[in-house]
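upload_8.txt (compact mmCIF, N, CA and C atoms)
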# COMPACT_ATOMS: atom_id res chain seq x y z
N MET A 1 3.24 -6.42 -8.90
CA MET A 1 2.92 -7.10 -7.66
C MET A 1 3.74 -6.49 -6.53
N SER A 2 3.12 -6.42 -5.37
CA SER A 2 3.86 -6.02 -4.17
C SER A 2 4.19 -7.30 -3.41
N LYS A 3 5.33 -7.30 -2.74
CA LYS A 3 5.78 -8.48 -2.02
C LYS A 3 5.92 -8.15 -0.55
N GLN A 4 5.31 -8.96 0.28
CA GLN A 4 5.40 -8.81 1.73
C GLN A 4 6.77 -9.30 2.18
N SER A 5 7.56 -8.43 2.84
CA SER A 5 8.90 -8.85 3.24
C SER A 5 9.11 -8.83 4.74
N GLY A 6 8.12 -8.45 5.50
CA GLY A 6 8.23 -8.46 6.95
C GLY A 6 6.87 -8.23 7.57
N ALA A 7 6.69 -8.65 8.82
CA ALA A 7 5.40 -8.48 9.47
C ALA A 7 5.54 -8.59 10.98
N VAL A 8 4.67 -7.89 11.68
CA VAL A 8 4.53 -8.03 13.12
C VAL A 8 3.09 -8.45 13.35
N GLN A 9 2.90 -9.57 14.01
CA GLN A 9 1.55 -10.09 14.22
C GLN A 9 0.88 -9.42 15.41
N SER A 10 -0.42 -9.23 15.31
CA SER A 10 -1.23 -8.67 16.38
C SER A 10 -1.42 -9.70 17.49
N THR A 11 -1.64 -9.21 18.69
CA THR A 11 -1.95 -10.10 19.81
C THR A 11 -3.46 -10.33 19.94
N HIS A 12 -4.27 -9.60 19.17
CA HIS A 12 -5.71 -9.81 19.18
C HIS A 12 -6.04 -11.17 18.55
N GLN A 13 -7.06 -11.80 19.07
CA GLN A 13 -7.45 -13.09 18.51
C GLN A 13 -7.92 -12.91 17.06
N LEU A 14 -8.70 -11.87 16.78
CA LEU A 14 -9.12 -11.57 15.41
C LEU A 14 -8.10 -10.60 14.82
N HIS A 15 -7.31 -11.09 13.88
CA HIS A 15 -6.28 -10.25 13.27
C HIS A 15 -5.99 -10.72 11.85
N THR A 16 -5.23 -9.90 11.15
CA THR A 16 -4.78 -10.27 9.81
C THR A 16 -3.37 -10.82 9.92
N ARG A 17 -3.00 -11.65 8.98
CA ARG A 17 -1.65 -12.22 8.94
C ARG A 17 -0.83 -11.50 7.89
N GLY A 18 0.43 -11.37 8.15
CA GLY A 18 1.37 -10.85 7.17
C GLY A 18 2.29 -11.97 6.75
N ASP A 19 1.91 -12.71 5.75
CA ASP A 19 2.71 -13.85 5.30
C ASP A 19 3.88 -13.36 4.45
N ILE A 20 5.07 -13.47 5.00
CA ILE A 20 6.27 -12.99 4.31
C ILE A 20 6.44 -13.75 3.00
N GLY A 21 6.72 -12.99 1.95
CA GLY A 21 6.90 -13.57 0.63
C GLY A 21 5.65 -13.55 -0.23
N THR A 22 4.50 -13.27 0.39
CA THR A 22 3.25 -13.22 -0.37
C THR A 22 3.28 -12.05 -1.34
N ARG A 23 2.80 -12.27 -2.54
CA ARG A 23 2.72 -11.22 -3.55
C ARG A 23 1.25 -10.87 -3.78
N TRP A 24 0.98 -9.56 -3.86
CA TRP A 24 -0.38 -9.07 -4.05
C TRP A 24 -0.40 -8.09 -5.21
N PRO A 25 -1.54 -7.96 -5.89
CA PRO A 25 -1.64 -6.98 -6.99
C PRO A 25 -1.41 -5.55 -6.48
N LEU A 26 -0.81 -4.73 -7.30
CA LEU A 26 -0.53 -3.34 -6.93
C LEU A 26 -1.81 -2.52 -6.77
N HIS A 27 -2.81 -2.76 -7.59
CA HIS A 27 -3.98 -1.90 -7.63
C HIS A 27 -4.97 -2.12 -6.49
N SER A 28 -4.83 -3.23 -5.75
CA SER A 28 -5.84 -3.55 -4.74
C SER A 28 -5.31 -3.52 -3.32
N THR A 29 -4.04 -3.22 -3.12
CA THR A 29 -3.46 -3.22 -1.78
C THR A 29 -2.96 -1.84 -1.40
N GLY A 30 -2.91 -1.58 -0.10
CA GLY A 30 -2.34 -0.33 0.37
C GLY A 30 -0.89 -0.21 -0.04
N LEU A 31 -0.12 -1.29 0.15
CA LEU A 31 1.30 -1.26 -0.23
C LEU A 31 1.46 -0.94 -1.71
N GLY A 32 0.70 -1.63 -2.55
CA GLY A 32 0.80 -1.42 -3.99
C GLY A 32 0.40 -0.02 -4.41
N LYS A 33 -0.71 0.47 -3.86
CA LYS A 33 -1.16 1.82 -4.23
C LYS A 33 -0.21 2.89 -3.72
N ALA A 34 0.42 2.66 -2.55
CA ALA A 34 1.41 3.63 -2.06
C ALA A 34 2.58 3.71 -3.03
N ILE A 35 3.06 2.56 -3.48
CA ILE A 35 4.18 2.54 -4.43
C ILE A 35 3.76 3.15 -5.76
N LEU A 36 2.60 2.76 -6.28
CA LEU A 36 2.13 3.33 -7.56
C LEU A 36 2.00 4.85 -7.48
N SER A 37 1.53 5.36 -6.35
CA SER A 37 1.32 6.81 -6.22
C SER A 37 2.64 7.59 -6.22
N ALA A 38 3.74 6.92 -5.85
CA ALA A 38 5.03 7.58 -5.82
C ALA A 38 5.75 7.53 -7.17
N LEU A 39 5.22 6.75 -8.09
CA LEU A 39 5.82 6.63 -9.42
C LEU A 39 5.29 7.73 -10.34
N PRO A 40 6.03 8.05 -11.40
CA PRO A 40 5.46 8.93 -12.41
C PRO A 40 4.17 8.29 -12.95
N LEU A 41 3.17 9.09 -13.24
CA LEU A 41 1.85 8.59 -13.63
C LEU A 41 1.91 7.62 -14.81
N ARG A 42 2.70 7.94 -15.82
CA ARG A 42 2.79 7.05 -16.99
C ARG A 42 3.38 5.69 -16.63
N GLU A 43 4.37 5.69 -15.73
CA GLU A 43 4.97 4.43 -15.30
C GLU A 43 3.95 3.60 -14.51
N ALA A 44 3.22 4.27 -13.61
CA ALA A 44 2.19 3.57 -12.83
C ALA A 44 1.13 2.99 -13.76
N GLU A 45 0.68 3.78 -14.73
CA GLU A 45 -0.33 3.30 -15.66
C GLU A 45 0.18 2.11 -16.47
N GLY A 46 1.42 2.18 -16.92
CA GLY A 46 1.99 1.07 -17.68
C GLY A 46 2.03 -0.22 -16.87
N LEU A 47 2.45 -0.12 -15.61
CA LEU A 47 2.48 -1.30 -14.75
C LEU A 47 1.09 -1.89 -14.58
N VAL A 48 0.12 -1.03 -14.31
CA VAL A 48 -1.25 -1.48 -14.07
C VAL A 48 -1.85 -2.09 -15.34
N ARG A 49 -1.63 -1.47 -16.47
CA ARG A 49 -2.20 -1.99 -17.72
C ARG A 49 -1.59 -3.35 -18.08
N ARG A 50 -0.29 -3.53 -17.81
CA ARG A 50 0.35 -4.82 -18.09
C ARG A 50 -0.21 -5.92 -17.19
N ARG A 51 -0.47 -5.58 -15.94
CA ARG A 51 -0.94 -6.57 -14.97
C ARG A 51 -2.46 -6.74 -14.96
N GLY A 52 -3.18 -5.71 -15.39
CA GLY A 52 -4.64 -5.76 -15.36
C GLY A 52 -5.19 -5.27 -14.03
N LEU A 53 -6.50 -5.11 -14.01
CA LEU A 53 -7.20 -4.59 -12.83
C LEU A 53 -8.29 -5.58 -12.41
N ALA A 54 -7.87 -6.74 -12.01
CA ALA A 54 -8.83 -7.78 -11.60
C ALA A 54 -9.59 -7.36 -10.35
N ALA A 55 -10.86 -7.68 -10.31
CA ALA A 55 -11.70 -7.40 -9.14
C ALA A 55 -11.49 -8.51 -8.12
N LEU A 56 -10.91 -8.16 -6.98
CA LEU A 56 -10.75 -9.13 -5.91
C LEU A 56 -11.91 -9.07 -4.92
N THR A 57 -12.52 -7.88 -4.81
CA THR A 57 -13.73 -7.69 -4.00
C THR A 57 -14.62 -6.69 -4.73
N LYS A 58 -15.77 -6.38 -4.16
CA LYS A 58 -16.67 -5.39 -4.76
C LYS A 58 -16.06 -3.99 -4.74
N GLN A 59 -15.11 -3.74 -3.84
CA GLN A 59 -14.50 -2.41 -3.70
C GLN A 59 -13.27 -2.20 -4.57
N THR A 60 -12.75 -3.23 -5.20
CA THR A 60 -11.52 -3.10 -5.99
C THR A 60 -11.72 -2.17 -7.18
N ALA A 61 -10.78 -1.26 -7.37
CA ALA A 61 -10.79 -0.39 -8.55
C ALA A 61 -10.49 -1.27 -9.77
N THR A 62 -11.40 -1.27 -10.74
CA THR A 62 -11.22 -2.10 -11.93
C THR A 62 -11.11 -1.28 -13.21
N SER A 63 -10.94 0.03 -13.06
CA SER A 63 -10.72 0.89 -14.24
C SER A 63 -9.58 1.84 -13.93
N TRP A 64 -8.81 2.19 -14.96
CA TRP A 64 -7.69 3.10 -14.77
C TRP A 64 -8.17 4.47 -14.27
N PRO A 65 -9.25 5.06 -14.79
CA PRO A 65 -9.68 6.36 -14.26
C PRO A 65 -9.99 6.32 -12.75
N LYS A 66 -10.64 5.27 -12.28
CA LYS A 66 -10.94 5.16 -10.85
C LYS A 66 -9.66 5.01 -10.04
N LEU A 67 -8.74 4.17 -10.49
CA LEU A 67 -7.48 3.98 -9.78
C LEU A 67 -6.64 5.25 -9.83
N ARG A 68 -6.62 5.92 -10.97
CA ARG A 68 -5.86 7.18 -11.10
C ARG A 68 -6.36 8.20 -10.08
N ALA A 69 -7.67 8.30 -9.90
CA ALA A 69 -8.24 9.22 -8.90
C ALA A 69 -7.80 8.82 -7.49
N GLU A 70 -7.78 7.53 -7.22
CA GLU A 70 -7.34 7.05 -5.90
C GLU A 70 -5.86 7.35 -5.68
N LEU A 71 -5.05 7.22 -6.73
CA LEU A 71 -3.62 7.52 -6.60
C LEU A 71 -3.40 9.01 -6.37
N ALA A 72 -4.22 9.85 -6.99
CA ALA A 72 -4.12 11.30 -6.77
C ALA A 72 -4.47 11.62 -5.31
N ALA A 73 -5.50 11.00 -4.78
CA ALA A 73 -5.88 11.20 -3.37
C ALA A 73 -4.77 10.69 -2.45
N THR A 74 -4.14 9.59 -2.83
CA THR A 74 -3.04 9.03 -2.05
C THR A 74 -1.88 10.01 -2.00
N ARG A 75 -1.52 10.59 -3.15
CA ARG A 75 -0.43 11.56 -3.19
C ARG A 75 -0.77 12.77 -2.32
N GLU A 76 -2.00 13.23 -2.36
CA GLU A 76 -2.42 14.39 -1.57
C GLU A 76 -2.36 14.08 -0.06
N ARG A 77 -2.84 12.91 0.34
CA ARG A 77 -2.85 12.50 1.75
C ARG A 77 -1.47 12.16 2.26
N GLY A 78 -0.67 11.55 1.37
CA GLY A 78 0.63 11.04 1.77
C GLY A 78 0.64 9.55 2.07
N TYR A 79 -0.52 8.93 2.06
CA TYR A 79 -0.62 7.50 2.33
C TYR A 79 -1.79 6.92 1.55
N ALA A 80 -1.67 5.62 1.27
CA ALA A 80 -2.72 4.89 0.54
C ALA A 80 -3.66 4.22 1.53
N VAL A 81 -4.88 4.01 1.08
CA VAL A 81 -5.88 3.32 1.89
C VAL A 81 -6.46 2.17 1.08
N ASP A 82 -6.52 1.01 1.70
CA ASP A 82 -7.18 -0.16 1.12
C ASP A 82 -8.44 -0.38 1.96
N ARG A 83 -9.58 -0.08 1.38
CA ARG A 83 -10.87 -0.23 2.06
C ARG A 83 -11.54 -1.52 1.60
N GLU A 84 -11.00 -2.62 2.03
CA GLU A 84 -11.53 -3.93 1.67
C GLU A 84 -11.46 -4.18 0.17
N GLU A 85 -10.41 -3.67 -0.47
CA GLU A 85 -10.25 -3.81 -1.92
C GLU A 85 -9.50 -5.08 -2.31
N ASN A 86 -8.70 -5.60 -1.39
CA ASN A 86 -7.94 -6.82 -1.68
C ASN A 86 -8.60 -8.04 -1.05
N GLU A 87 -9.21 -7.82 0.11
CA GLU A 87 -9.88 -8.91 0.81
C GLU A 87 -11.01 -8.33 1.65
N ALA A 88 -12.19 -8.89 1.52
CA ALA A 88 -13.34 -8.43 2.30
C ALA A 88 -13.03 -8.57 3.79
N GLY A 89 -13.36 -7.52 4.54
CA GLY A 89 -13.15 -7.54 5.98
C GLY A 89 -11.80 -7.05 6.44
N VAL A 90 -10.94 -6.67 5.49
CA VAL A 90 -9.59 -6.20 5.84
C VAL A 90 -9.37 -4.80 5.28
N ARG A 91 -8.87 -3.91 6.13
CA ARG A 91 -8.54 -2.55 5.72
C ARG A 91 -7.06 -2.32 5.99
N CYS A 92 -6.49 -1.33 5.30
CA CYS A 92 -5.05 -1.12 5.39
C CYS A 92 -4.71 0.33 5.04
N VAL A 93 -3.64 0.84 5.63
CA VAL A 93 -3.03 2.09 5.20
C VAL A 93 -1.56 1.81 4.93
N ALA A 94 -0.97 2.55 4.00
CA ALA A 94 0.44 2.33 3.65
C ALA A 94 1.06 3.61 3.13
N ALA A 95 2.34 3.77 3.38
CA ALA A 95 3.09 4.92 2.88
C ALA A 95 4.37 4.42 2.22
N ALA A 96 4.70 5.01 1.09
CA ALA A 96 5.88 4.58 0.33
C ALA A 96 7.15 5.18 0.91
N PHE A 97 8.19 4.38 0.88
CA PHE A 97 9.54 4.86 1.15
C PHE A 97 10.11 5.22 -0.21
N VAL A 98 10.50 6.47 -0.38
CA VAL A 98 10.98 6.94 -1.67
C VAL A 98 12.46 7.27 -1.58
N ASP A 99 13.26 6.56 -2.35
CA ASP A 99 14.69 6.83 -2.47
C ASP A 99 14.83 7.87 -3.57
N PRO A 100 15.44 9.03 -3.27
CA PRO A 100 15.54 10.09 -4.29
C PRO A 100 16.22 9.66 -5.58
N LEU A 101 17.10 8.67 -5.51
CA LEU A 101 17.80 8.22 -6.71
C LEU A 101 17.05 7.16 -7.49
N ARG A 102 16.23 6.35 -6.79
CA ARG A 102 15.58 5.23 -7.46
C ARG A 102 14.06 5.30 -7.41
N GLY A 103 13.49 6.29 -6.79
CA GLY A 103 12.04 6.38 -6.70
C GLY A 103 11.49 5.48 -5.60
N ALA A 104 10.23 5.09 -5.75
CA ALA A 104 9.57 4.26 -4.75
C ALA A 104 10.16 2.87 -4.78
N VAL A 105 10.71 2.44 -3.65
CA VAL A 105 11.31 1.13 -3.60
C VAL A 105 10.61 0.20 -2.61
N ALA A 106 9.83 0.77 -1.70
CA ALA A 106 9.16 -0.05 -0.69
C ALA A 106 8.07 0.77 -0.03
N ALA A 107 7.29 0.12 0.80
CA ALA A 107 6.25 0.81 1.56
C ALA A 107 6.07 0.12 2.90
N VAL A 108 5.56 0.86 3.84
CA VAL A 108 5.21 0.31 5.15
C VAL A 108 3.70 0.37 5.28
N SER A 109 3.12 -0.59 5.99
CA SER A 109 1.66 -0.60 6.10
C SER A 109 1.20 -1.12 7.45
N VAL A 110 -0.05 -0.82 7.75
CA VAL A 110 -0.75 -1.35 8.91
C VAL A 110 -2.07 -1.89 8.38
N SER A 111 -2.35 -3.16 8.65
CA SER A 111 -3.58 -3.80 8.20
C SER A 111 -4.31 -4.39 9.40
N GLY A 112 -5.60 -4.51 9.25
CA GLY A 112 -6.37 -5.15 10.31
C GLY A 112 -7.80 -5.37 9.89
N PRO A 113 -8.56 -6.03 10.75
CA PRO A 113 -9.97 -6.28 10.47
C PRO A 113 -10.73 -4.95 10.38
N SER A 114 -11.63 -4.87 9.43
CA SER A 114 -12.39 -3.63 9.22
C SER A 114 -13.21 -3.24 10.45
N VAL A 115 -13.57 -4.20 11.29
CA VAL A 115 -14.35 -3.87 12.49
C VAL A 115 -13.54 -3.04 13.48
N ARG A 116 -12.21 -3.06 13.38
CA ARG A 116 -11.37 -2.26 14.27
C ARG A 116 -10.75 -1.05 13.60
N LEU A 117 -10.83 -0.96 12.27
CA LEU A 117 -10.17 0.14 11.57
C LEU A 117 -11.21 1.06 10.92
N SER A 118 -11.75 1.96 11.71
CA SER A 118 -12.69 2.97 11.20
C SER A 118 -11.93 3.96 10.32
N ASP A 119 -12.66 4.82 9.62
CA ASP A 119 -12.00 5.84 8.81
C ASP A 119 -11.13 6.74 9.68
N ALA A 120 -11.60 7.07 10.88
CA ALA A 120 -10.81 7.91 11.80
C ALA A 120 -9.52 7.21 12.21
N GLU A 121 -9.62 5.93 12.52
CA GLU A 121 -8.43 5.15 12.91
C GLU A 121 -7.47 5.02 11.72
N LEU A 122 -8.00 4.83 10.53
CA LEU A 122 -7.14 4.75 9.34
C LEU A 122 -6.37 6.05 9.14
N ALA A 123 -7.01 7.19 9.38
CA ALA A 123 -6.34 8.49 9.23
C ALA A 123 -5.18 8.63 10.22
N ILE A 124 -5.40 8.21 11.44
CA ILE A 124 -4.33 8.27 12.46
C ILE A 124 -3.19 7.34 12.06
N LEU A 125 -3.52 6.10 11.74
CA LEU A 125 -2.50 5.13 11.35
C LEU A 125 -1.79 5.53 10.06
N GLY A 126 -2.53 6.17 9.15
CA GLY A 126 -1.92 6.64 7.90
C GLY A 126 -0.83 7.66 8.17
N GLN A 127 -1.09 8.60 9.09
CA GLN A 127 -0.09 9.60 9.44
C GLN A 127 1.13 8.94 10.11
N GLU A 128 0.88 7.92 10.91
CA GLU A 128 1.98 7.19 11.54
C GLU A 128 2.80 6.44 10.49
N ALA A 129 2.14 5.87 9.50
CA ALA A 129 2.86 5.18 8.43
C ALA A 129 3.73 6.16 7.65
N VAL A 130 3.21 7.36 7.41
CA VAL A 130 3.99 8.40 6.71
C VAL A 130 5.23 8.75 7.53
N ALA A 131 5.08 8.91 8.83
CA ALA A 131 6.22 9.26 9.69
C ALA A 131 7.28 8.16 9.65
N VAL A 132 6.85 6.91 9.68
CA VAL A 132 7.80 5.79 9.62
C VAL A 132 8.50 5.77 8.26
N ALA A 133 7.74 5.93 7.18
CA ALA A 133 8.34 5.90 5.84
C ALA A 133 9.35 7.03 5.67
N ARG A 134 9.05 8.21 6.22
CA ARG A 134 9.99 9.33 6.11
C ARG A 134 11.24 9.12 6.95
N ALA A 135 11.12 8.36 8.03
CA ALA A 135 12.26 8.11 8.91
C ALA A 135 13.23 7.09 8.33
N ILE A 136 12.76 6.29 7.39
CA ILE A 136 13.63 5.28 6.79
C ILE A 136 14.65 5.96 5.89
N ARG A 137 15.88 5.62 6.11
CA ARG A 137 16.96 6.17 5.29
C ARG A 137 17.63 5.03 4.54
N PRO A 138 18.05 5.28 3.31
CA PRO A 138 18.72 4.20 2.59
C PRO A 138 20.03 3.82 3.26
N HIS A 139 20.26 2.55 3.35
CA HIS A 139 21.52 2.03 3.87
C HIS A 139 22.61 2.37 2.86
N PRO A 140 23.81 2.76 3.33
CA PRO A 140 24.88 3.13 2.37
C PRO A 140 25.20 2.02 1.37
N HIS A 141 24.97 0.78 1.75
CA HIS A 141 25.27 -0.33 0.85
C HIS A 141 23.99 -1.05 0.46
N TRP A 142 22.93 -0.29 0.21
CA TRP A 142 21.59 -0.82 -0.10
C TRP A 142 21.66 -1.89 -1.18
N GLU A 143 22.42 -1.61 -2.24
CA GLU A 143 22.49 -2.53 -3.38
C GLU A 143 23.10 -3.87 -2.99
N GLU A 144 23.94 -3.90 -1.94
CA GLU A 144 24.61 -5.13 -1.54
C GLU A 144 23.75 -5.99 -0.62
N LEU A 145 22.71 -5.42 -0.02
CA LEU A 145 21.89 -6.17 0.94
C LEU A 145 20.99 -7.17 0.27
Translate the structure of the given file into structure tokens.
Amino acid sequence: MSKQSGAVQSTHQLHTRGDIGTRWPLHSTGLGKAILSALPLREAEGLVRRRGLAALTKQTATSWPKLRAELAATRERGYAVDREENEAGVRCVAAAFVDPLRGAVAAVSVSGPSVRLSDAELAILGQEAVAVARAIRPHPHWEEL
């Protein structure tokens, strides 16, 4: 499961909410797929197989081969895309923050209504998410926070 730990709300009347503390399946969210893509493939597969691949929408990957292909595309792009896989009408891009010592520990994402997030807009936002994730540096006392 991925856990939402922070959010900035949109000023648009039609927007998505980022409810802090909410947990979502790894296989159906941008955050989860970004983290899975940064893990060794066997570790990612083990996590997914233990949790299952429940269909949350018609677009949700419900087989390991389909998700594995999506994770490969995510690694190639540098960011994950959720095309209404977790919730109908919502799209998302996310990039993992990777600590060289501990692997993928978090991800940053941008989500919004699918009517405002075209494939072109997702590509732009995806690159911005990658830049933010790369700019994050581990705090010297990360373990104490």
Could you name the residues that touch Leu31 in chain A at 8 Å or less, counting all atoms listed in the file, but leaving out those on the same chain fewer than 5 positions away, as a VMD selection string?
-> chain A and resid 1 to 3 25 to 26 36 to 37 80 to 82 92 to 96 106 to 110
Interatomic distance, atom N of Ala129 in chain A to CA of Ala34 in chain A (Å, one decimal) =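 Going from atom N of Ala129 in chain A over to CA of Ala34 in chain A covers 11.8 Å.
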Distance of atom N of Glu87 in chain A from atom N of Arg116 in chain A, expressed in Å to one decimal place |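 Those two atoms sit 14.4 Å apart.
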In terms of the shortest atom-to-atom distance over all atoms listed in the file, which of A:Trp64, A:Leu122, A:Val130, A:Pro100 is closest to Glu45 in chain A?
->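 Selected residue with least distance to Glu45 in chain A: A:Trp64.
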For range 52-58 of chain A, work out the shell of residues within 8 Å, counting only C-alpha atoms and skipping chain neighbours fewer than 2 positions away, then give it as a compact mmCIF listing (two decimals) with N, CA and C atoms, keeping the file's coordinate frame.
# COMPACT_ATOMS: atom_id res chain seq x y z
N HIS A 27 -2.81 -2.76 -7.59
CA HIS A 27 -3.98 -1.90 -7.63
C HIS A 27 -4.97 -2.12 -6.49
N SER A 28 -4.83 -3.23 -5.75
CA SER A 28 -5.84 -3.55 -4.74
C SER A 28 -5.31 -3.52 -3.32
N VAL A 48 0.12 -1.03 -14.31
CA VAL A 48 -1.25 -1.48 -14.07
C VAL A 48 -1.85 -2.09 -15.34
N ARG A 49 -1.63 -1.47 -16.47
CA ARG A 49 -2.20 -1.99 -17.72
C ARG A 49 -1.59 -3.35 -18.08
N ARG A 50 -0.29 -3.53 -17.81
CA ARG A 50 0.35 -4.82 -18.09
C ARG A 50 -0.21 -5.92 -17.19
N THR A 60 -12.75 -3.23 -5.20
CA THR A 60 -11.52 -3.10 -5.99
C THR A 60 -11.72 -2.17 -7.18
N ALA A 61 -10.78 -1.26 -7.37
CA ALA A 61 -10.79 -0.39 -8.55
C ALA A 61 -10.49 -1.27 -9.77
N THR A 62 -11.40 -1.27 -10.74
CA THR A 62 -11.22 -2.10 -11.93
C THR A 62 -11.11 -1.28 -13.21
N SER A 63 -10.94 0.03 -13.06
CA SER A 63 -10.72 0.89 -14.24
C SER A 63 -9.58 1.84 -13.93
N TRP A 64 -8.81 2.19 -14.96
CA TRP A 64 -7.69 3.10 -14.77
C TRP A 64 -8.17 4.47 -14.27
N GLU A 84 -11.00 -2.62 2.03
CA GLU A 84 -11.53 -3.93 1.67
C GLU A 84 -11.46 -4.18 0.17
N GLU A 85 -10.41 -3.67 -0.47
CA GLU A 85 -10.25 -3.81 -1.92
C GLU A 85 -9.50 -5.08 -2.31
N ASN A 86 -8.70 -5.60 -1.39
CA ASN A 86 -7.94 -6.82 -1.68
C ASN A 86 -8.60 -8.04 -1.05
N GLU A 87 -9.21 -7.82 0.11
CA GLU A 87 -9.88 -8.91 0.81
C GLU A 87 -11.01 -8.33 1.65
N ALA A 88 -12.19 -8.89 1.52
CA ALA A 88 -13.34 -8.43 2.30
C ALA A 88 -13.03 -8.57 3.79
Extract the full set of strand (DSSP E) residues from range 27-91 of chain A according to DSSP on the backbone, and format it as a ChimeraX atom specification.
-> /A:80-83,90-91
Go through A:Gln59, A:Leu67, A:Thr29, A:Ser114 and flag the residue nearest Leu41 in chain A, using only C-alpha atoms for the distances.
->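 Of A:Gln59, A:Leu67, A:Thr29, A:Ser114, the one nearest Leu41 in chain A is A:Leu67, counting only C-alpha atoms.
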Write down as a ChimeraX atom specification the residues of range 22-143 of chain A whose backbone DSSP state falls under helix (DSSP H, G or I).
-> /A:26-28,30-38,41-51,64-77,119-135,142-143
State, in Å with one decimal place, the distance from atom C of Ala135 in chain A to atom C of Val98 in chain A.
-> 9.9 Å
